[in-house]
Amino acid sequence: MMSFQNPFWPGMQGVTDLPKQIEALTKTLTGFLEDKLPKDQMRAMGSMTPPPEKFQPLVNDLMAAHQQLWQQMLNRKNADDAPVVSGVAKDRRFADPSWNSSPVYDYMRQAYVLNSRFLNSLADILPSEDSKESARIRFLTSQFVDALSPSNFATTNPEVIQKALQTEGRSITEGINNLLKDLAKGRISTSDETAFEVGKNLATTEGAVVFENEFFQLIEYKPLTAKVYEKPFLLIPPCINKFYILDLQPENSLIRYAVSQGHRTFVVSWRNPDESMQDKTWDDYIEQAAIQAIHTVQDITGAPKINALGFCVGGTILSTALAVLAARGEKPVASATFLTTLINFTDTGILDVFIDENFVKFREMQMGQGGLLKGQDLASTFSFLRPNDLVWNYVVGNYLKGETPPPFDLLYWNSDSTNLPGPFYAWYLRNTYLENNLVKPRKVKVCGEAIDLGKVDLPVYIYGSREDHIVPIGGAYASTQVLPGKKRFVMGASGHIAGVINPPAAKKRSHWLSEGTKFPADVNDWIAGAKEVPGSWWTDWSDWLKGHAGKQIAAPKTYGKASKFKAIEAAPGRYVKAKA
């Protein structure tokens, strides 16, 4: 039933062969790394052999822990015995009682955790040329470790075996069917997709499309108040995802919340690129989307200035557009909000391990002059940043246990991927993640203008999520060091999406504020002086935005502008429904 030949966990014969098993474990990891790391990097690094003075203490600690674990299993009297390995009981992969009820499975899970920690520590001491190489080694090691968990294999997962016995094999049949369906779709199902339809129970805030071009549709929302603020409000979501993350359900819709607060609200709904857009560039997205949207909102409303919000890459696009407009002597935006946005790419977190000169050159050669980055490729990359939560959890549930994942609006949105034009993507990689050129005054030209973010002098509200794995809190905070206007920085709990989509009525999660006007270079210094406030950051942001929205005027009774911008179709429009 179970194989112990895998070097990831010791055999049941005891601890006498531990030195050989540790040697096998080490060779397995280093062989994996040598296969995955670029060949020129391997030549620069030389041997993957860990230094003995650091390696031997790790081996000694591992052997001592395994001896203690082996003794516990031999002397175990009941399932209530506390695990020898700290933290194993809190690991969600091994939380089911079946892992603890059997001495064999209990031993297996604890041995796996011990060996995982050993390998991650080993990755820390392997020779490398610089911090990026070290980070890449640690990332690849974590992927290797997570993939080889005994929970990921049918014969070493007691929950899978019990389910098969209880269902008389039906779970196996269902698992195979789920696998075949997902192979046809080209991705792992993370939500019951039959439960959702965009425009029916997602993206339902009432509105209309009032402008469109080949890049985006502009949606205007129906006011929910008798009066609205004179400065309209434009939201620019990331073009690597669909806008309805900001309008999932009425109770957690940031768009609906903004409308209910009295803002005449517009949103950019990006077109999902197809082959006809394969030559579109970063400049195209700035000029013909972000700047076009800003000017269109001005034209529709007659307002000389508007307020704008950018989320994630939408914030990077917004900041670039503002720099282009500033270079032209235009300042149409009164205030800007940046949610989990990278503008200063000094701290890019785990994504940095993927991006170096060779990778960027390859992408430039592959699609810099034309082509599409498929949405599923991008989605898979983001999923493997959190593989236990977004990959292996569903491999086990869908395929080994034969279960259907429950409906979850956020995960449905997460799987509704979008393509990107190759030239846009290649420019973005080089000038942001690789060279951080946006923050270098006049270093790059965008839309014919040598841009300088130091000229983007307007009030800004900057939000970062404390546990964000895509835009680390330090990366979000780094915008405070670049933008010269009056700033308010807020840190929220949770991650990239859950931290942002946190309505006040839910009364969940805290946020942190500092009333000071100074922003030290290190985010940790800011955090040390910040005050924790229970609940959502939305109310703080809403109060801030109202202070920049001007007086209240009568709400419009029709969409768009009768003479020029008539309603084209009801929100959420057809662009958002196009599949990658």
# chains A, B, ... in the order shown; residues from 1 in each chain; ligands from 1
>>> residues_around(residues="range 291-294 of chain A", least_positions_apart="2", cutoff="9 Å", atoms="only C-alpha atoms", output="compact mmCIF listing (two decimals) with N, CA, C and O atoms, in the first residue's frame")
# COMPACT_ATOMS: atom_id res chain seq x y z
N PHE A 211 -18.77 54.22 -23.67
CA PHE A 211 -17.70 54.43 -24.64
C PHE A 211 -16.96 53.12 -24.81
O PHE A 211 -16.84 52.33 -23.87
N PHE A 216 -10.75 48.99 -24.50
CA PHE A 216 -11.57 48.93 -23.30
C PHE A 216 -12.98 49.45 -23.57
O PHE A 216 -13.23 50.15 -24.56
N GLN A 217 -13.88 49.07 -22.67
CA GLN A 217 -15.18 49.70 -22.57
C GLN A 217 -15.19 50.55 -21.31
O GLN A 217 -14.62 50.15 -20.28
N LEU A 218 -15.83 51.71 -21.37
CA LEU A 218 -15.99 52.55 -20.20
C LEU A 218 -17.41 52.40 -19.69
O LEU A 218 -18.38 52.66 -20.42
N LEU A 234 -13.01 57.59 -11.44
CA LEU A 234 -12.65 56.58 -12.44
C LEU A 234 -11.78 55.50 -11.82
O LEU A 234 -10.76 55.81 -11.19
N ILE A 236 -9.39 52.16 -12.57
CA ILE A 236 -8.63 51.43 -13.58
C ILE A 236 -8.13 50.13 -12.95
O ILE A 236 -7.17 50.14 -12.17
N VAL A 267 -15.75 52.88 -14.63
CA VAL A 267 -14.70 51.87 -14.55
C VAL A 267 -14.25 51.46 -15.95
O VAL A 267 -15.06 51.44 -16.89
N VAL A 268 -12.98 51.18 -16.08
CA VAL A 268 -12.41 50.64 -17.32
C VAL A 268 -12.61 49.12 -17.32
O VAL A 268 -12.17 48.43 -16.39
N TYR A 285 -1.56 51.16 -24.47
CA TYR A 285 -2.43 51.04 -23.30
C TYR A 285 -2.47 52.34 -22.49
O TYR A 285 -3.49 52.66 -21.88
N ILE A 286 -1.37 53.08 -22.49
CA ILE A 286 -1.37 54.36 -21.77
C ILE A 286 -2.18 55.40 -22.54
O ILE A 286 -3.07 56.05 -21.98
N GLU A 287 -1.90 55.56 -23.84
CA GLU A 287 -2.54 56.61 -24.63
C GLU A 287 -3.99 56.30 -24.95
O GLU A 287 -4.88 57.13 -24.74
N GLN A 288 -4.23 55.10 -25.46
CA GLN A 288 -5.55 54.78 -25.99
C GLN A 288 -6.49 54.15 -24.96
O GLN A 288 -7.66 53.92 -25.27
N ALA A 289 -5.98 53.90 -23.77
CA ALA A 289 -6.85 53.35 -22.71
C ALA A 289 -6.88 54.29 -21.51
O ALA A 289 -7.88 54.98 -21.28
N THR A 296 -12.29 60.99 -21.51
CA THR A 296 -13.68 60.68 -21.81
C THR A 296 -14.57 60.98 -20.60
O THR A 296 -15.67 61.52 -20.75
N VAL A 297 -14.11 60.62 -19.41
CA VAL A 297 -14.87 60.94 -18.20
C VAL A 297 -15.01 62.45 -18.05
O VAL A 297 -16.08 62.97 -17.69
N GLN A 298 -13.94 63.18 -18.32
CA GLN A 298 -14.02 64.64 -18.29
C GLN A 298 -15.06 65.15 -19.29
O GLN A 298 -15.87 66.04 -18.98
N ASP A 299 -15.02 64.60 -20.49
CA ASP A 299 -15.92 65.05 -21.56
C ASP A 299 -17.38 64.75 -21.21
O ASP A 299 -18.27 65.58 -21.39
N ILE A 306 -10.95 65.08 -12.30
CA ILE A 306 -11.60 63.87 -11.80
C ILE A 306 -10.72 63.26 -10.71
O ILE A 306 -9.56 63.65 -10.53
N ALA A 308 -9.17 59.46 -9.50
CA ALA A 308 -8.88 58.17 -10.16
C ALA A 308 -8.32 57.17 -9.17
O ALA A 308 -7.70 57.54 -8.16
N LEU A 318 -1.96 53.75 -14.38
CA LEU A 318 -2.45 55.07 -14.02
C LEU A 318 -1.29 56.02 -13.71
O LEU A 318 -1.27 57.17 -14.19
N ALA A 321 0.37 57.06 -16.90
CA ALA A 321 -0.47 57.99 -17.65
C ALA A 321 -0.41 59.39 -17.03
O ALA A 321 -0.33 60.40 -17.76
N LEU A 322 -0.41 59.48 -15.72
CA LEU A 322 -0.32 60.78 -15.06
C LEU A 322 1.02 61.45 -15.35
O LEU A 322 1.09 62.68 -15.51
N VAL A 324 2.82 61.00 -18.11
CA VAL A 324 2.76 61.45 -19.50
C VAL A 324 1.97 62.76 -19.58
O VAL A 324 2.39 63.72 -20.24
N LEU A 325 0.83 62.80 -18.91
CA LEU A 325 0.01 64.01 -18.93
C LEU A 325 0.75 65.19 -18.30
O LEU A 325 0.68 66.32 -18.81
N PRO A 332 -5.26 66.62 -15.20
CA PRO A 332 -6.71 66.44 -15.13
C PRO A 332 -7.20 65.65 -13.92
O PRO A 332 -8.41 65.53 -13.72
N VAL A 333 -6.28 65.10 -13.14
CA VAL A 333 -6.67 64.25 -12.01
C VAL A 333 -6.39 64.99 -10.70
O VAL A 333 -5.26 65.44 -10.46
>>> closest_atom_pairs(of="range 368-475 of chain A", to="range 505-517 of chain A", cutoff="10 Å", atoms="only C-alpha atoms", output="JSON lines")
{"residue": "A:Tyr463", "atom": "CA", "partner": "A:His511", "partner_atom": "CA", "distance": 9.8}
{"residue": "A:Gly464", "atom": "CA", "partner": "A:His511", "partner_atom": "CA", "distance": 9.8}
{"residue": "A:Ser465", "atom": "CA", "partner": "A:His511", "partner_atom": "CA", "distance": 8.9}
{"residue": "A:Arg466", "atom": "CA", "partner": "A:His511", "partner_atom": "CA", "distance": 9.1}
>>> write_last_selection(atoms="N, CA, C and O atoms", output="short mmCIF file (atom, residue, chain, number, x, y, z; two decimals), in the first residue's frame")
data_model
loop_
_atom_site.label_atom_id
_atom_site.label_comp_id
_atom_site.auth_asym_id
_atom_site.auth_seq_id
_atom_site.Cartn_x
_atom_site.Cartn_y
_atom_site.Cartn_z
N TYR A 463 -2.47 52.13 -0.65
CA TYR A 463 -2.85 50.99 0.19
C TYR A 463 -1.98 49.79 -0.15
O TYR A 463 -1.77 49.47 -1.34
N GLY A 464 -1.50 49.08 0.90
CA GLY A 464 -0.77 47.83 0.72
C GLY A 464 -1.30 46.77 1.68
O GLY A 464 -1.74 47.10 2.79
N SER A 465 -1.26 45.51 1.27
CA SER A 465 -1.71 44.41 2.12
C SER A 465 -0.52 43.74 2.81
O SER A 465 0.49 43.45 2.15
N ARG A 466 -0.65 43.49 4.08
CA ARG A 466 0.47 43.02 4.89
C ARG A 466 1.01 41.67 4.42
O ARG A 466 2.21 41.43 4.43
#
>>> closest_atom_pairs(of="range 142-230 of chain A", to="range 89-93 of chain A", cutoff="12 Å", atoms="only C-alpha atoms", output="CSV")
residue,atom,partner,partner_atom,distance
A:Asp146,CA,A:Arg93,CA,10.4
A:Ser149,CA,A:Arg93,CA,8.7
A:Pro150,CA,A:Arg93,CA,9.2
A:Ser151,CA,A:Arg93,CA,6.5
A:Asn152,CA,A:Arg93,CA,9.0
A:Phe153,CA,A:Arg93,CA,11.9
A:Asn157,CA,A:Arg93,CA,9.8
A:Pro158,CA,A:Arg93,CA,11.4
A:Glu159,CA,A:Arg93,CA,10.4
>>> residues_around(residues="His263 in chain A", least_positions_apart="4", cutoff="7 Å", atoms="only C-alpha atoms", output="list in words")
Val228, Tyr229, Pro232, Phe233, Ala258 and Val259 of chain A
>>> residues_around(residues="Arg574 in chain A", least_positions_apart="4", cutoff="12 Å", atoms="only C-alpha atoms", output="compact mmCIF listing (two decimals) with C-alpha atoms, in the first residue's frame")
# COMPACT_ATOMS: atom_id res chain seq x y z
CA VAL A 198 -20.96 37.39 -15.15
CA GLY A 199 -23.84 39.84 -15.37
CA ALA A 203 -20.76 42.21 -11.73
CA ALA A 208 -24.14 51.11 -18.90
CA VAL A 209 -21.25 51.11 -21.34
CA GLU A 212 -15.60 51.73 -26.24
CA PHE A 216 -11.57 48.93 -23.30
CA GLN A 217 -15.18 49.70 -22.57
CA LEU A 218 -15.99 52.55 -20.20
CA ILE A 219 -18.85 51.74 -17.83
CA LYS A 242 -11.13 41.26 -15.28
CA SER A 269 -13.41 47.16 -18.52
CA TRP A 270 -10.43 45.85 -20.47
CA ARG A 271 -10.84 43.92 -23.68
CA ASN A 272 -9.50 40.37 -23.50
CA ILE A 568 -24.11 51.30 -25.89
CA GLU A 569 -25.22 48.34 -23.78
CA ALA A 570 -26.01 47.48 -20.19
CA ALA A 578 -14.87 37.24 -23.58
CA LYS A 579 -12.83 34.20 -22.57
>>> closest_residue(among="A:Met491, A:Ile125, A:Ile473, A:Ile317", to="Trp541 in chain A", atoms="only C-alpha atoms")
A:Met491
>>> residues_around(residues="Val84 in chain A", least_positions_apart="3", cutoff="8 Å", atoms="only C-alpha atoms", output="MDAnalysis selection string")
chainID A and resid 68:69 72 110
